[in-house]
There are 2 protein chains.
Amino acid sequence: MTTPTIFAKEALLADLASGLSEKALLSGADQLETYRFDMASFSPAGVPVAVVRAASRDDVVHALRTASKHGIPVVPQGAMSGLSGAGNAIDGCLVLSVRDMNRILEISVDDQVAVVEPGVLNKELSHAVAEQGLFYPPDPGSWEISTIGGNVATNAGGMCCVKYGVTGDFVRGLELVLADGTVLETGRRTAKGVAGFDLTSLVVGSEGCLGVITKVILGLKPAPRPSLTMAATFPDSASGLAAVTAIMASGVTPSLMEFLDPISVAAVNALQDMGFDDDCALILAQSDSPEALEDVARMAKIATANGAIDVAESADDQEAAMLLQSRRSLHAALEVLGGNFTDDVAVPRVRMLDLLAGIEEIAERNDIKVATAGHAGDGNMHPTVIFDRADEAAKARAAVAFEEIMLLGLELGGTITGEHGVGILKREGLRRELSATSLRLQEEIKHSFDPQGILNPGKQIG
Amino acid sequence: MTTPTIFAKEALLADLASGLSEKALLSGADQLETYRFDMASFSPAGVPVAVVRAASRDDVVHALRTASKHGIPVVPQGAMSGLSGAGNAIDGCLVLSVRDMNRILEISVDDQVAVVEPGVLNKELSHAVAEQGLFYPPDPGSWEISTIGGNVATNAGGMCCVKYGVTGDFVRGLELVLADGTVLETGRRTAKGVAGFDLTSLVVGSEGCLGVITKVILGLKPAPRPSLTMAATFPDSASGLAAVTAIMASGVTPSLMEFLDPISVAAVNALQDMGFDDDCALILAQSDSPEALEDVARMAKIATANGAIDVAESADDQEAAMLLQSRRSLHAALEVLGGNFTDDVAVPRVRMLDLLAGIEEIAERNDIKVATAGHAGDGNMHPTVIFDRADEAAKARAAVAFEEIMLLGLELGGTITGEHGVGILKREGLRRELSATSLRLQEEIKHSFDPQGILNPGKQIG
């Protein structure tokens, strides 16, 4: 009795093909398989019925109109580098990739503004504006492989946030296509503007549940000075985090403030010996201010006062790059240790010590290993629960620990997700964090943008 | 046949009185008159049936529940210092003032966070955090008399925005009461967070159309260095604005960048002689960076290269304060010249010269005087149309010029309002700026928050 489905599928493919750019439509089984998973591969993923690789806004409009007509779900995708499953396919969905819409439309030095299509890589934009003496700060861990559209859809963070803020702080306006194919422009190109409700911020971080972003207007900053770097090791996590809190409260504004606990340091060392003791916690800090030299000296002094074992200051770009590499390689280093579930809690900075203590208790009780590292200057930590991939029981305990850490973040006055997003992975957590009233309003907003509910159902608020 | 109305009024007053704090309810005719107008006194205002001066969130909840039950409109008010009529009373409405909810609930140095009630004055908060070595940047012209709640409701800007951003950039979370009395918390205390749609940003700038704000969580910054100041005069507006554009594109990040055209300078001089030539344009710039000395020298050099007549640099706090006073006194100085309608257009910085040229044409064609000054570093200008209060024909021409300038801002790729808000004054303009789709979505969002439409009807999107 699958005939009607086959008819429906063929009708859908024919309708899609009738209005798309050449080569935009993919429907071969091998091709479909490629578009199933973002990087939260342990979240469930279905098999799409077709993939549209939009070459233009017209393709996006046509794809959404067609999906609306056929009533099938649409999963918007960029680089598929998300960490929460927001980009995972749903059975029978249309995957709508904007990865090929990758033109930088404009970089204005005088206005300090960039206008880009969603498929531009963060790296491409960052380099292009740097060539003009400008700076696009948001730098998620995935910056070399993730797209601006995806960064906007998840409100991506990164290491720079501690000084410069998150992606949303740089988004001035958007063009998006709603579920029914209507084009909506939000915001504006100007630095300021208060005409009407802020729909731009509403779409930022909405994980493809409100529309498909087809253009982004971004504010830029003047290029910063070269950064100076400080690295300090500590006998334990508690003293390292105490140093972070003291530095942040001292009035210094670091441009980077990262923390790695001893398990993380050991993992990084195992991947490539960075010369740190295995059994220490590490903080990495930078300043790109005109008084970076004084900032770094002040941070070093506070680190020492908080029990640092070794404190190194570096004006050497290569050495600094190597130190940062140790932080950036952490994800890969932890992969070597086993399967992992990465939390993304953010807590008030003064509760980081409580967070660490709670994580230790959770790890012990669940007989599982947790490596904790992250953007400590913002209180945004990534406790990673590590398990033996071959051990189903361990995986189950890891999943429990993952949930418990998320809820611990909430208990400490924080959030289940600082920057990775909700996707599929934190749908339950979202319903713990938000009140019934907040959920009702969000569901109604979703309905206004997407009455049929075809945009990314089962993800975030969708 | 007014008996039913009298009964309805008495029933409303009795219901209000039954659940409010002592002295919260005002209904004397003299008292009601006091709550009719914000500072856009040329916008229409009705007479409220009663005023609630809420002493607590419970009062706000009771007032809104009661208004919902009786189906009467509610106009939220703070300091009544708004410039667009958003706080103007409506005939038969309940004015709900949160001016007395004025406690600073917390200032955390370690978290760089303040939690305040909405009636706290911007000035009070700014001073209180400065005492702790912290900095709350948003500084609307009204900062000495306006409330944080009002600043949030209008997403107020100010002179600092050019470096630090607007009010919304510092709002992390809100508590508000919806039209039916339900309490909603949005956002969070942490620096980062992406759990669900960004309802906080939706409420910021919504001018009391979505709910009544009862608590605000604000991010703070470390105290900046003392500012150094540069003042430069120019033979005309065009050269002054060219200098602003060149400075902003040079990579300097000033902490203030203001412009006054010759009419504005003459008006300020007439109020109190500042020693400027009457027939010149003026730019005032500051830097609070560690390299402020170099910044000011660079800005002075660019001003000279763009035809400045006189360039003064000042490290003297008193002198700087006097210079800024000249800018701050502009509103009063223009009041002396006659009645005035103040526009609030923001355009891309590179279009400021076109804006000035267009304003000159509009002034000439309408035979009316326009003084143009504003936050030129952001492209946010306040062209003020001046007319003889006794001359109705001049007032009518002024109103036409006001509208034309607003639309000119739109034509130049800008917005009808950079920071003053929509209120009553720019309702028509709002409908010119936003697309039908954007308006539909905003109306639906409004309906989700306030199904009866009792919150500030006839203002902004309400």
# chains A, B, ... in the order shown; residues from 1 in each chain; ligands from 1
call {"tool": "select_by_dssp", "arguments": {"residues": "region 13-239 of chain B", "states": "helix (DSSP H, G or I)", "output": "NGL selection string"}}
result
:B and (13-17 or 29-34 or 57-70 or 122-130 or 148-154 or 161-164 or 167-170 or 199-203 or 237-239)
call {"tool": "interface_residues", "arguments": {"of": "chain A", "to": "chain B", "cutoff": "6 Å", "atoms": "only C-alpha atoms", "output": "list in words"}}
result
Asp110, Asp111, Thr190, Ala191, Lys192, Gly193, Val194, Ala195, Phe197, Asp198, Leu202, Ser206, Pro222, Ala249, Gly251, Val347, Pro348, Arg349, Asp378, Thr417, Gly418, Glu419 and Gly421 of chain A
call {"tool": "residues_around", "arguments": {"residues": "Leu12 (chain B)", "least_positions_apart": "5", "cutoff": "8 Å", "atoms": "only C-alpha atoms", "output": "list in words"}}
result
Thr66, Ala67 and His70 of chain B
call {"tool": "write_last_selection", "arguments": {"atoms": "N, CA, C and O atoms", "output": "compact mmCIF listing (two decimals), in the first residue's frame"}}
result
# COMPACT_ATOMS: atom_id res chain seq x y z
N THR B 66 -7.52 43.68 36.91
CA THR B 66 -8.74 44.47 37.01
C THR B 66 -9.08 45.14 35.67
O THR B 66 -10.23 45.15 35.24
N ALA B 67 -8.06 45.69 35.03
CA ALA B 67 -8.29 46.34 33.73
C ALA B 67 -8.78 45.32 32.71
O ALA B 67 -9.66 45.60 31.90
N HIS B 70 -12.40 44.56 33.32
CA HIS B 70 -13.28 45.66 32.90
C HIS B 70 -13.08 46.04 31.43
O HIS B 70 -13.81 46.88 30.91
call {"tool": "residues_around", "arguments": {"residues": "region 307-314 of chain A", "least_positions_apart": "3", "cutoff": "9 Å", "atoms": "only C-alpha atoms", "output": "number ranges by chain"}}
result
A: 228-235, 239-240, 243, 280, 296-297, 300-304, 317, 319-320
call {"tool": "residues_around", "arguments": {"residues": "Arg365 (chain A)", "least_positions_apart": "3", "cutoff": "12 Å", "atoms": "only C-alpha atoms", "output": "JSON, numbers by chain"}}
result
{"A": [358, 359, 360, 361, 362, 368, 369, 370, 397, 398, 400, 401, 404]}
call {"tool": "residues_around", "arguments": {"residues": "region 270-278 of chain A", "least_positions_apart": "6", "cutoff": "9 Å", "atoms": "only C-alpha atoms", "output": "VMD selection string"}}
result
chain A and resid 233 262 to 264 322 to 323 326 329 to 330 332 to 333 336
call {"tool": "write_last_selection", "arguments": {"atoms": "N, CA, C and O atoms", "output": "short mmCIF file (atom, residue, chain, number, x, y, z; two decimals), in the first residue's frame"}}
result
data_model
loop_
_atom_site.label_atom_id
_atom_site.label_comp_id
_atom_site.auth_asym_id
_atom_site.auth_seq_id
_atom_site.Cartn_x
_atom_site.Cartn_y
_atom_site.Cartn_z
N THR A 233 48.93 27.57 34.93
CA THR A 233 48.47 26.26 35.41
C THR A 233 48.24 26.32 36.91
O THR A 233 48.88 27.09 37.63
N PRO A 262 41.89 19.42 34.72
CA PRO A 262 43.02 18.48 34.53
C PRO A 262 42.72 17.36 33.52
O PRO A 262 43.61 16.98 32.76
N ILE A 263 41.49 16.85 33.48
CA ILE A 263 41.19 15.78 32.52
C ILE A 263 41.33 16.32 31.09
O ILE A 263 41.86 15.66 30.19
N SER A 264 40.88 17.56 30.88
CA SER A 264 40.99 18.17 29.56
C SER A 264 42.44 18.42 29.19
O SER A 264 42.86 18.17 28.05
N MET A 322 49.88 28.53 19.29
CA MET A 322 50.04 27.15 19.76
C MET A 322 49.22 26.94 21.03
O MET A 322 48.55 25.91 21.20
N LEU A 323 49.27 27.92 21.93
CA LEU A 323 48.49 27.81 23.17
C LEU A 323 47.00 27.71 22.84
O LEU A 323 46.28 26.86 23.39
N SER A 326 45.87 24.43 21.60
CA SER A 326 45.63 23.41 22.63
C SER A 326 44.16 23.46 23.05
O SER A 326 43.53 22.43 23.29
N SER A 329 41.96 22.21 20.06
CA SER A 329 42.07 20.77 19.76
C SER A 329 41.34 19.91 20.78
O SER A 329 41.30 18.69 20.66
N LEU A 330 40.77 20.56 21.80
CA LEU A 330 40.18 19.78 22.89
C LEU A 330 39.10 18.82 22.41
O LEU A 330 39.05 17.66 22.83
N ALA A 332 38.68 17.34 19.56
CA ALA A 332 39.31 16.17 18.94
C ALA A 332 40.00 15.30 20.00
O ALA A 332 39.93 14.06 19.95
N ALA A 333 40.64 15.94 20.96
CA ALA A 333 41.37 15.19 22.00
C ALA A 333 40.41 14.33 22.82
O ALA A 333 40.74 13.20 23.20
N VAL A 336 39.12 11.11 21.14
CA VAL A 336 40.05 9.98 21.23
C VAL A 336 39.73 9.12 22.46
O VAL A 336 39.89 7.90 22.45
#
call {"tool": "select_by_dssp", "arguments": {"residues": "region 217-409 of chain A", "states": "strand (DSSP E)", "output": "number ranges by chain"}}
result
A: 217-219, 221-222, 228-234, 256-260, 281-287, 310-314, 339-342, 369-375, 380-387
call {"tool": "residues_around", "arguments": {"residues": "region 381-393 of chain B", "least_positions_apart": "2", "cutoff": "6 Å", "atoms": "only C-alpha atoms", "output": "PyMOL selection string"}}
result
chain B and resi 338-345+369-375+395-396+398
call {"tool": "closest_residue", "arguments": {"among": "A:Leu125, A:Ala50, A:Val152, A:Leu174", "to": "Asn102 (chain A)", "atoms": "only C-alpha atoms"}}
result
A:Leu125
call {"tool": "atom_distance", "arguments": {"atom1": "CA of Asp59 (chain B)", "atom2": "CA of Ala179 (chain B)"}}
result
13.2 Å
